[in-house]
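Here's the structure, in structure tokens; my notes come after.
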Amino acid sequence: MCTYNSNDFSGSSFDDMVELFEENDKIFVLKKDDFYELSITKENFLKKIF
């Protein structure tokens with residue numbers, strides 16, 4: 001399990017954010033009583049526009 005301070009995350013570069021997602025199987029965010037699971041996928045740009 002990897003814990004990450006959301007204040008640090010919001011100030012990170014886009015590359016750092018992508019690296020965090022790539023290094024961890026799942027990303028979870030806790031906001032008050034709400035629990036979110038975040039994910040991103042790497043897609044081929046040309047396949048998406050055609």
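Just so we're on the same page: first chain in the structure tokens is A, next is B, and so on; residues restart at 1 for each chain, and ligands are numbered from 1 in the order they show up.
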
TODO: Pull the strand (DSSP E) assignments for chain A out of DSSP run on the backbone, and list those residues as a VMD selection string.
DONE: chain A and resid 27 to 31 34 to 38

Could you tell me, as a list of chain:residue names, which residues of chain A DSSP assigns to alpha helix (DSSP H) when given the backbone?
->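 Taking chain A and keeping alpha helix (DSSP H) gives A:Ser6, A:Asn7, A:Asp8, A:Phe9, A:Ser10, A:Phe14, A:Asp15, A:Asp16, A:Met17, A:Val18, A:Glu19, A:Leu20, A:Phe21, A:Glu22, A:Glu23, A:Phe45, A:Leu46, A:Lys47, A:Lys48, A:Ile49.
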